[in-house]
file run35.txt (compact mmCIF, C-alpha atoms and all ligand atoms)
# COMPACT_ATOMS: atom_id res chain seq x y z
CA MET A 81 73.82 163.34 -99.53
CA LYS A 82 71.16 160.99 -100.60
CA ARG A 83 68.05 162.93 -100.96
CA GLY A 84 64.60 163.26 -102.08
CA PHE A 85 62.00 162.91 -104.67
CA LEU A 86 59.84 163.90 -107.14
CA LYS A 87 57.00 165.50 -108.79
CA THR A 88 57.64 164.27 -112.28
CA SER A 89 54.83 162.94 -114.39
CA LYS A 90 56.74 159.71 -114.60
CA THR A 91 56.70 159.40 -110.88
CA GLN A 92 53.14 160.35 -110.45
CA ALA A 93 52.19 157.74 -112.96
CA ARG A 94 53.92 155.08 -110.91
CA PRO A 95 51.43 153.11 -108.89
CA LEU A 96 53.26 153.23 -105.62
CA GLY A 97 51.20 155.45 -103.35
CA PRO A 98 47.86 153.82 -102.89
CA VAL A 99 49.05 150.29 -103.40
CA PRO A 100 46.20 147.96 -102.68
CA ALA A 101 47.54 145.59 -100.18
CA PRO A 102 50.74 146.22 -98.39
CA GLN A 103 48.54 147.64 -95.75
CA PRO A 104 48.34 144.01 -94.99
CA ASP A 105 45.64 142.54 -92.95
CA SER A 106 45.47 143.63 -89.37
CA LYS A 107 46.95 140.33 -88.37
CA THR A 108 50.16 141.13 -90.26
CA TRP A 109 50.39 144.62 -88.80
CA ALA A 110 49.83 143.17 -85.39
CA SER A 111 52.74 140.87 -85.98
CA ILE A 112 54.95 143.81 -86.98
CA SER A 113 54.12 145.78 -83.90
CA THR A 114 54.61 142.71 -81.81
CA PHE A 115 57.98 142.40 -83.45
CA LEU A 116 58.85 145.99 -82.65
CA SER A 117 57.90 145.73 -79.05
CA ALA A 118 58.84 142.14 -78.57
CA LYS A 119 61.18 141.24 -75.84
CA PHE A 120 61.75 137.65 -76.67
CA LYS A 121 60.30 137.10 -80.06
CA LEU A 122 62.74 135.40 -82.38
CA VAL A 123 61.86 136.34 -85.90
CA ARG A 124 63.65 135.25 -88.99
CA THR A 125 63.54 138.21 -91.31
CA VAL A 126 64.92 139.30 -94.60
CA PHE A 127 66.48 142.63 -95.21
CA SER A 128 64.60 144.45 -97.87
CA ARG A 129 65.86 147.91 -98.49
CA PRO A 130 63.91 150.48 -100.40
CA GLU A 131 66.23 151.15 -103.30
CA TYR A 132 67.23 154.74 -102.63
CA GLU A 133 69.98 154.83 -105.14
CA THR A 134 68.08 154.23 -108.33
CA ASN A 135 68.65 156.74 -111.03
CA ASP A 136 65.05 156.80 -112.02
CA SER A 137 62.01 157.35 -109.93
CA THR A 138 61.34 153.72 -109.25
CA ILE A 139 61.74 152.50 -105.71
CA LEU A 140 62.39 148.82 -105.60
CA ALA A 141 63.15 146.74 -102.61
CA VAL A 142 62.45 143.12 -103.29
CA PRO A 143 63.02 140.45 -104.37
CA GLU A 144 66.50 141.76 -105.23
CA GLY A 145 66.57 143.16 -101.72
CA LEU A 146 66.91 139.76 -100.15
CA LYS A 147 70.48 140.50 -99.47
CA GLU A 148 70.87 139.78 -95.88
CA LYS A 149 69.28 137.73 -93.19
CA ILE A 150 69.08 139.08 -89.71
CA ARG A 151 68.07 137.26 -86.61
CA TYR A 152 66.33 139.35 -84.00
CA GLN A 153 66.57 138.70 -80.37
CA GLU A 154 65.17 140.55 -77.41
CA CYS A 155 64.77 143.76 -79.37
CA ASP A 156 64.11 146.59 -76.98
CA PRO A 157 62.52 149.53 -78.76
CA HIS A 158 63.33 151.81 -75.86
CA GLY A 159 67.07 151.41 -76.31
CA GLY A 160 69.74 148.90 -75.59
CA SER A 161 70.60 145.85 -77.59
CA THR A 162 71.90 142.37 -77.58
CA PRO A 163 74.85 141.55 -79.81
CA ASP A 164 72.65 140.38 -82.67
CA CYS A 165 69.86 142.90 -82.38
CA MET A 166 69.00 146.13 -84.17
CA THR A 167 69.82 148.90 -81.76
CA PHE A 168 68.02 152.13 -80.93
CA THR A 169 70.51 154.21 -79.05
CA THR A 170 71.63 157.76 -78.28
CA LEU A 171 75.22 158.78 -78.98
CA PRO A 172 77.46 160.03 -77.62
CA ASN A 173 76.57 158.56 -74.28
CA GLY A 174 76.97 160.44 -71.03
CA MET A 175 76.38 163.96 -72.40
CA GLU A 176 75.23 166.76 -70.08
CA PRO A 177 71.56 167.76 -70.48
CA GLY A 178 71.17 170.18 -73.38
CA GLU A 179 74.31 169.01 -75.20
CA PRO A 180 73.68 167.84 -78.75
CA VAL A 181 73.19 164.10 -79.14
CA THR A 182 72.22 161.84 -82.03
CA GLU A 183 69.45 159.27 -82.13
CA CYS A 184 70.77 156.15 -83.84
CA PHE A 185 69.11 153.16 -85.46
CA PHE A 186 71.93 150.68 -85.90
CA PHE A 187 72.64 147.22 -87.13
CA PRO A 188 74.46 144.91 -84.73
CA GLY A 189 78.03 145.97 -84.15
CA SER A 190 77.82 149.66 -85.08
CA LYS A 191 77.34 151.02 -81.59
CA GLU A 192 80.35 148.99 -80.49
CA VAL A 193 82.46 150.63 -83.21
CA PHE A 194 82.13 153.84 -81.21
CA MET A 195 82.16 152.36 -77.73
CA ASN A 196 85.45 150.63 -78.54
CA LEU A 197 87.08 153.80 -79.86
CA ARG A 198 89.76 154.88 -77.46
CA GLY A 199 88.85 158.30 -76.04
CA PHE A 200 85.24 158.29 -77.31
CA PRO A 201 83.53 160.70 -77.03
CA GLN A 202 85.60 163.81 -77.59
CA PRO A 203 84.12 167.32 -77.58
CA MET A 204 83.13 168.79 -80.91
CA VAL A 205 85.61 171.19 -82.49
CA HIS A 206 83.96 174.34 -83.84
CA PRO A 207 85.46 176.93 -86.20
CA SER A 208 86.94 179.92 -84.41
CA THR A 209 84.52 182.35 -86.06
CA PRO A 210 81.01 181.51 -87.25
CA ALA A 211 81.03 181.22 -91.02
CA PHE A 212 77.48 180.57 -92.16
CA ARG A 213 73.89 181.67 -91.91
CA MET A 214 70.64 180.07 -93.02
CA ALA A 215 68.27 182.01 -95.25
CA ALA A 216 65.43 181.51 -97.69
CA THR A 217 66.12 181.60 -101.43
CA PRO A 218 63.60 182.63 -104.11
CA ASP A 219 63.71 179.27 -105.89
CA LYS A 220 65.56 176.62 -103.87
CA GLY A 221 63.92 176.70 -100.46
CA THR A 222 66.17 177.34 -97.49
CA ALA A 223 69.94 177.45 -98.02
CA LEU A 224 73.20 178.17 -96.23
CA PHE A 225 75.34 181.22 -97.07
CA SER A 226 78.84 182.20 -96.03
CA THR A 227 79.05 185.08 -93.58
CA ARG A 228 82.68 185.83 -94.37
CA LYS A 229 85.30 185.31 -97.03
CA LEU A 230 86.53 181.70 -96.89
CA LYS A 231 89.66 180.07 -98.24
CA ALA A 232 89.72 176.52 -99.61
CA GLY A 233 90.11 174.22 -96.60
CA ASP A 234 88.52 176.61 -94.10
CA HIS A 235 86.32 175.05 -91.46
CA ILE A 236 82.74 176.31 -91.80
CA LEU A 237 80.75 174.47 -89.16
CA THR A 238 80.58 171.41 -86.95
CA GLU A 239 77.43 169.65 -85.92
CA ARG A 240 76.19 166.41 -84.47
CA PRO A 241 73.48 164.81 -86.60
CA LEU A 242 69.91 164.69 -85.32
CA PHE A 243 69.65 161.13 -86.58
CA VAL A 244 71.86 158.38 -87.97
CA GLY A 245 70.09 155.30 -89.18
CA ALA A 246 70.02 152.28 -91.38
CA ARG A 247 68.82 153.12 -94.87
CA GLY A 248 66.45 150.21 -94.76
CA ALA A 249 64.86 148.12 -92.08
CA PRO A 250 64.65 144.38 -91.88
CA THR A 251 61.19 143.36 -93.01
CA GLU A 252 59.38 140.20 -93.72
CA TYR A 253 59.09 139.42 -97.41
CA HIS A 254 55.61 138.41 -98.45
CA ALA A 255 55.60 136.08 -101.41
CA ASN A 256 51.91 136.75 -101.94
CA LEU A 257 52.44 140.49 -102.46
CA THR A 258 53.67 142.14 -105.63
CA ARG A 259 57.05 143.82 -105.86
CA GLU A 260 55.46 147.24 -105.42
CA GLN A 261 53.44 146.07 -102.48
CA ASN A 262 56.49 144.61 -100.81
CA THR A 263 58.27 147.91 -101.43
CA GLN A 264 55.45 149.78 -99.79
CA TYR A 265 55.50 147.31 -96.96
CA ALA A 266 59.25 147.89 -96.51
CA LEU A 267 58.70 151.67 -96.47
CA ASN A 268 55.96 151.31 -93.87
CA THR A 269 58.18 149.16 -91.70
CA LEU A 270 61.03 151.61 -92.04
CA GLU A 271 58.73 154.42 -90.95
CA GLN A 272 57.83 152.45 -87.85
CA HIS A 273 61.48 151.96 -86.99
CA PHE A 274 62.24 155.65 -87.54
CA GLU A 275 59.32 156.54 -85.28
CA ILE A 276 61.05 154.79 -82.43
CA SER A 277 64.16 156.94 -82.89
CA PHE A 278 62.06 160.07 -83.44
CA LYS A 279 60.15 159.58 -80.19
CA ARG A 280 63.45 159.41 -78.35
CA MET A 281 64.53 162.88 -79.62
CA SER A 282 64.32 166.07 -77.55
CA THR A 283 61.50 168.45 -78.44
CA GLU A 284 64.03 170.81 -80.03
CA SER A 285 65.49 168.05 -82.20
CA LYS A 286 62.03 166.85 -83.23
CA GLU A 287 61.14 170.38 -84.34
CA ALA A 288 64.39 170.79 -86.27
CA PHE A 289 63.91 167.40 -87.93
CA MET A 290 60.32 168.04 -89.00
CA ALA A 291 61.23 171.52 -90.29
CA LEU A 292 63.52 169.98 -92.92
CA ALA A 293 62.47 169.63 -96.53
CA ASN A 294 60.58 166.56 -97.70
CA SER A 295 60.55 165.78 -101.40
CA HIS A 296 59.10 162.31 -100.86
CA LYS A 297 55.53 163.16 -100.13
CA GLU A 298 53.99 161.32 -103.02
CA ASP A 299 55.95 158.11 -103.34
CA GLY A 300 54.67 156.02 -100.47
CA SER A 301 57.27 157.23 -97.95
CA GLY A 302 55.99 158.07 -94.50
CA PRO A 303 56.75 161.56 -93.14
CA LEU A 304 59.91 160.53 -91.28
CA VAL A 305 61.24 158.35 -94.09
CA GLY A 306 60.53 161.25 -96.48
CA VAL A 307 62.63 163.67 -94.44
CA VAL A 308 65.46 161.15 -94.10
CA ARG A 309 65.48 160.37 -97.81
CA THR A 310 65.49 164.06 -98.71
CA ASN A 311 68.16 165.13 -96.26
CA GLY A 312 70.38 162.19 -95.37
CA LEU A 313 74.13 162.21 -95.93
CA ARG A 314 75.66 158.85 -96.59
CA LEU A 315 77.78 157.60 -93.71
CA SER A 316 79.89 154.57 -94.51
CA GLY A 317 82.17 152.18 -92.70
CA LEU A 318 80.20 151.71 -89.49
CA ARG A 319 79.26 148.07 -89.99
CA PRO A 320 82.19 145.81 -89.24
CA GLY A 321 82.69 143.29 -92.01
CA VAL A 322 80.01 144.79 -94.26
CA LYS A 323 81.34 146.59 -97.27
CA GLY A 324 79.78 148.89 -99.84
CA ASP A 325 76.23 150.03 -99.93
CA MET A 326 74.96 147.62 -97.32
CA GLY A 327 77.50 148.93 -94.87
CA SER A 328 76.36 152.53 -95.03
CA TYR A 329 73.96 154.58 -92.95
CA THR A 330 72.21 157.88 -93.54
CA ALA A 331 72.69 160.94 -91.34
CA VAL A 332 70.26 163.86 -91.02
CA CYS A 333 71.60 167.19 -89.76
CA LYS A 334 69.88 170.38 -88.69
CA ASP A 335 72.22 172.70 -90.65
CA ILE A 336 74.26 170.65 -93.12
CA SER A 337 71.07 169.10 -94.48
CA ARG A 338 70.07 172.63 -95.57
CA LEU A 339 72.85 172.72 -98.14
CA ASN A 340 71.51 172.81 -101.66
CA HIS A 341 73.06 170.79 -104.45
CA SER A 342 75.54 172.04 -107.01
CA CYS A 343 77.43 170.02 -109.62
CA SER A 344 80.38 172.29 -108.75
CA PRO A 345 79.98 172.32 -104.97
CA ASN A 346 82.01 174.64 -102.78
CA THR A 347 81.91 172.53 -99.60
CA SER A 348 82.66 169.02 -98.44
CA ALA A 349 81.76 167.28 -95.17
CA ARG A 350 83.70 164.74 -93.13
CA PHE A 351 82.42 162.71 -90.22
CA ASP A 352 84.64 162.75 -87.15
CA MET A 353 84.11 159.48 -85.31
CA LEU A 354 85.59 160.56 -81.99
CA SER A 355 83.30 163.56 -81.54
CA PHE A 356 80.42 161.94 -83.43
CA SER A 357 80.06 165.05 -85.54
CA TYR A 358 80.24 166.35 -89.09
CA GLN A 359 82.67 169.06 -90.01
CA LEU A 360 81.99 171.13 -93.10
CA PHE A 361 84.89 172.61 -95.04
CA ALA A 362 85.25 174.97 -98.00
CA VAL A 363 86.71 173.24 -101.04
CA HIS A 364 87.13 176.49 -103.00
CA ASP A 365 87.67 180.06 -101.98
CA ILE A 366 84.19 181.40 -101.20
CA ALA A 367 83.09 185.04 -101.21
CA LYS A 368 81.18 186.54 -98.29
CA GLY A 369 77.46 186.03 -98.88
CA GLU A 370 77.91 183.26 -101.47
CA GLU A 371 75.62 180.25 -101.22
CA LEU A 372 77.27 177.16 -99.75
CA THR A 373 76.61 174.05 -101.82
CA TYR A 374 77.17 170.32 -101.66
CA GLN A 375 77.03 167.46 -104.15
CA TYR A 376 74.10 165.06 -103.78
CA THR A 377 75.24 162.78 -106.60
CA PRO A 378 78.46 161.84 -108.40
CA ILE A 379 79.51 164.85 -110.45
CA ASN A 380 82.06 163.56 -112.95
CA CYS A 381 79.41 162.33 -115.31
CA SER A 382 77.34 164.10 -117.95
CA ALA A 383 74.73 166.73 -117.12
CA ALA A 384 72.06 164.35 -118.38
CA GLU A 385 73.25 161.59 -116.05
CA ARG A 386 73.50 163.96 -113.11
CA ASN A 387 70.00 165.27 -113.65
CA LYS A 388 68.67 161.75 -113.93
CA ALA A 389 70.21 161.02 -110.55
CA LEU A 390 68.68 164.20 -109.16
CA VAL A 391 65.12 163.33 -110.19
CA PRO A 392 64.36 161.92 -106.73
CA TYR A 393 65.16 165.34 -105.25
CA GLY A 394 62.43 166.98 -107.26
CA PHE A 395 64.42 169.66 -109.07
CA VAL A 396 66.39 170.22 -112.25
CA CYS A 397 69.88 171.54 -111.62
CA ALA A 398 70.51 174.93 -113.16
CA CYS A 399 74.18 175.27 -112.18
CA THR A 400 76.63 176.50 -114.82
CA ALA A 401 77.93 172.98 -115.50
CA CYS A 402 74.38 171.90 -116.34
CA THR A 403 73.50 174.96 -118.38
CA ASN A 404 76.84 174.71 -120.28
CA ALA A 405 76.79 170.95 -120.72
CA PRO A 406 78.40 170.92 -124.21
CA THR A 407 81.50 172.57 -122.72
CA SER A 408 81.40 170.97 -119.30
CA ASP A 409 80.61 167.35 -120.19
CA PRO A 410 83.84 166.66 -122.17
CA ARG A 411 85.91 168.27 -119.41
CA ARG A 412 84.30 166.10 -116.76
CA ALA A 413 84.72 163.01 -118.90
CA ALA A 414 88.45 163.82 -119.21
CA ILE A 415 88.77 164.27 -115.43
CA GLU A 416 86.94 161.00 -114.82
CA ALA A 417 89.24 159.20 -117.27
CA PHE A 418 92.25 160.61 -115.45
CA ARG A 419 91.02 159.87 -111.94
CA PRO A 420 91.96 156.18 -111.70
CA VAL A 421 95.54 157.14 -112.56
CA VAL A 422 95.59 159.70 -109.75
CA THR A 423 94.04 157.25 -107.31
CA GLU A 424 96.69 154.71 -108.14
CA TRP A 425 99.46 157.13 -107.28
CA VAL A 426 98.20 158.57 -104.02
C1 LIG A 501 68.37 168.61 -98.44
S1 LIG A 501 67.24 169.72 -98.96
C2 LIG A 501 68.22 171.16 -99.07
C3 LIG A 501 67.64 172.28 -98.28
C4 LIG A 501 66.32 172.74 -98.79
N1 LIG A 501 66.50 173.76 -99.82
C5 LIG A 501 65.44 173.24 -97.69
O1 LIG A 501 64.63 174.12 -97.94
O2 LIG A 501 65.53 172.73 -96.57
C6 LIG A 501 67.01 169.19 -100.62
C7 LIG A 501 65.93 169.93 -101.35
O3 LIG A 501 66.35 171.26 -101.62
C8 LIG A 501 65.99 171.63 -102.94
N2 LIG A 501 67.22 171.83 -103.72
C9 LIG A 501 68.46 171.41 -103.41
N3 LIG A 501 69.35 171.79 -104.32
C10 LIG A 501 68.67 172.45 -105.26
C11 LIG A 501 69.04 173.08 -106.48
N4 LIG A 501 70.30 173.11 -106.91
N5 LIG A 501 68.07 173.67 -107.20
C12 LIG A 501 66.78 173.66 -106.80
N6 LIG A 501 66.36 173.08 -105.64
C13 LIG A 501 67.30 172.49 -104.88
C14 LIG A 501 65.15 170.51 -103.49
O4 LIG A 501 63.80 170.79 -103.21
C15 LIG A 501 65.62 169.32 -102.69
O5 LIG A 501 64.66 168.30 -102.59

call {"tool": "encode", "arguments": {"input": "run35.txt", "output": "structure tokens"}}
result
Amino acid sequence: MKRGFLKTSKTQARPLGPVPAPQPDSKTWASISTFLSAKFKLVRTVFSRPEYETNDSTILAVPEGLKEKIRYQECDPHGGSTPDCMTFTTLPNGMEPGEPVTECFFFPGSKEVFMNLRGFPQPMVHPSTPAFRMAATPDKGTALFSTRKLKAGDHILTERPLFVGARGAPTEYHANLTREQNTQYALNTLEQHFEISFKRMSTESKEAFMALANSHKEDGSGPLVGVVRTNGLRLSGLRPGVKGDMGSYTAVCKDISRLNHSCSPNTSARFDMLSFSYQLFAVHDIAKGEELTYQYTPINCSAAERNKALVPYGFVCACTACTNAPTSDPRRAAIEAFRPVVTEWV
């Protein structure tokens, strides 16, 4: 899960929020909205991605973000696409009214990954007995709890995401703006793209989406970008020919996104392509009533490194591995040292 942000003094000191000029002149905004609603406008753009993965509270997009050039053609904000166009679409297609569907904001080629899957879409497979409930905690907001004793490997829940989208939107890079201003500009553009997907959601999905936590209220993120950054699970491998970070999307779920972080999580999620849904499994035996947890960051590093990575989520982890770092850190370092050997053999 790539998540949220921050109320640290460091962050608040960062001059991102009221940046003077990425609210460019009205002419520039007009050109963005023209771009979004354009039918035939051919715009050469650069891909500048707000840097979600930084381990500090800085969000940087450009100029390092000039990683990819996209050509837009006949972009239809109401859905549909051409082969080289960003796509706003609803998946799976052909669902009965009321069945869960996902609003998607895709790069070229991702929708086709699903449409070309033999047998797509398949029905979602749910666990035989419900295994979780959502409840408030005293100190960690809303959380999920097990409603029965679970064994490692047990299926806890299945759900289709509310939203799956690119983690950054193609934006124009303005040489006359500062790095921070371009970052803000990229965030604003991303918000506009997410708005298109949001408007396509059912009322129920909109309510569920906006009810999710937002730890990005003070860093220049718009309300939709804030929710996505706080709650998105990384979803990789959906961009043919694009590897690594640039090939991954973010997925926001009504229930799974309520899982709080632990450095010793007791669940793991997998995305099932054919049913376009996440399935959550227990990775340890779990007692009835125990909180279900998930890892937001890599966990085989030191407590200090983990908590640095968690800064964007706006909390300090108080799990036992963090509170017993002198004991836990060497153990995790030993596991990490051993891991490449295991990987080689499996
Ligand atoms: C994806 S949401 C998880 C669900 C969230 N608790 C809610 O109320 O919807 C991420 C946010 O939950 C909170 N959170 C998650 N794990 C936490 C933890 N271990 N300790 C304290 N707060 C946590 C943080 O506010 C974080 O930004």

call {"tool": "atom_distance", "arguments": {"input": "run35.txt", "atom1": "CA of Lys229 (chain A)", "atom2": "CA of Ile336 (chain A)"}}
result
18.8 Å

call {"tool": "closest_residue", "arguments": {"input": "run35.txt", "among": "A:Phe418, A:Tyr253, A:Phe225, A:Phe356", "to": "ligand LIG 501 (chain A)", "atoms": "all atoms listed in the file"}}
result
A:Phe225

call {"tool": "residues_near_ligand", "arguments": {"input": "run35.txt", "ligand": "ligand LIG 501 (chain A)", "cutoff": "6 Å", "atoms": "all atoms listed in the file", "output": "PyMOL selection string"}}
result
chain A and resi 84+220-223+292-293+295+310-311+337-342+393-395+397

call {"tool": "closest_residue", "arguments": {"input": "run35.txt", "among": "A:Ala246, A:Met281, A:Gln202, A:Pro241", "to": "Asp325 (chain A)", "atoms": "only C-alpha atoms"}}
result
A:Ala246

call {"tool": "atom_distance", "arguments": {"input": "run35.txt", "atom1": "CA of Arg213 (chain A)", "atom2": "CA of His364 (chain A)"}}
result
18.0 Å

call {"tool": "closest_residue", "arguments": {"input": "run35.txt", "among": "A:Glu298, A:Glu271, A:Glu260, A:Asp335", "to": "Leu242 (chain A)", "atoms": "all atoms listed in the file"}}
result
A:Asp335

call {"tool": "atom_distance", "arguments": {"input": "run35.txt", "atom1": "CA of Phe194 (chain A)", "atom2": "CA of Glu176 (chain A)"}}
result
18.4 Å

call {"tool": "closest_residue", "arguments": {"input": "run35.txt", "among": "A:Glu252, A:Arg247, A:Val193, A:Gln359", "to": "Gly317 (chain A)", "atoms": "all atoms listed in the file"}}
result
A:Val193

call {"tool": "residues_around", "arguments": {"input": "run35.txt", "residues": "Phe186 (chain A)", "least_positions_apart": "6", "cutoff": "7 Å", "atoms": "only C-alpha atoms", "output": "ChimeraX atom specification"}}
result
/A:166-168,245-246

call {"tool": "closest_residue", "arguments": {"input": "run35.txt", "among": "A:Ala291, A:Leu318, A:Cys402, A:Val363", "to": "Ala384 (chain A)", "atoms": "all atoms listed in the file"}}
result
A:Cys402

call {"tool": "closest_residue", "arguments": {"input": "run35.txt", "among": "A:Val205, A:Met214, A:Leu270, A:Met353", "to": "Leu237 (chain A)", "atoms": "all atoms listed in the file"}}
result
A:Val205

call {"tool": "residues_around", "arguments": {"input": "run35.txt", "residues": "Thr209 (chain A)", "least_positions_apart": "2", "cutoff": "10 Å", "atoms": "all atoms listed in the file", "output": "list in words"}}
result
His206, Pro207, Ala211, Phe212, Thr227, Arg228, His235, Ile236 and Leu237 of chain A
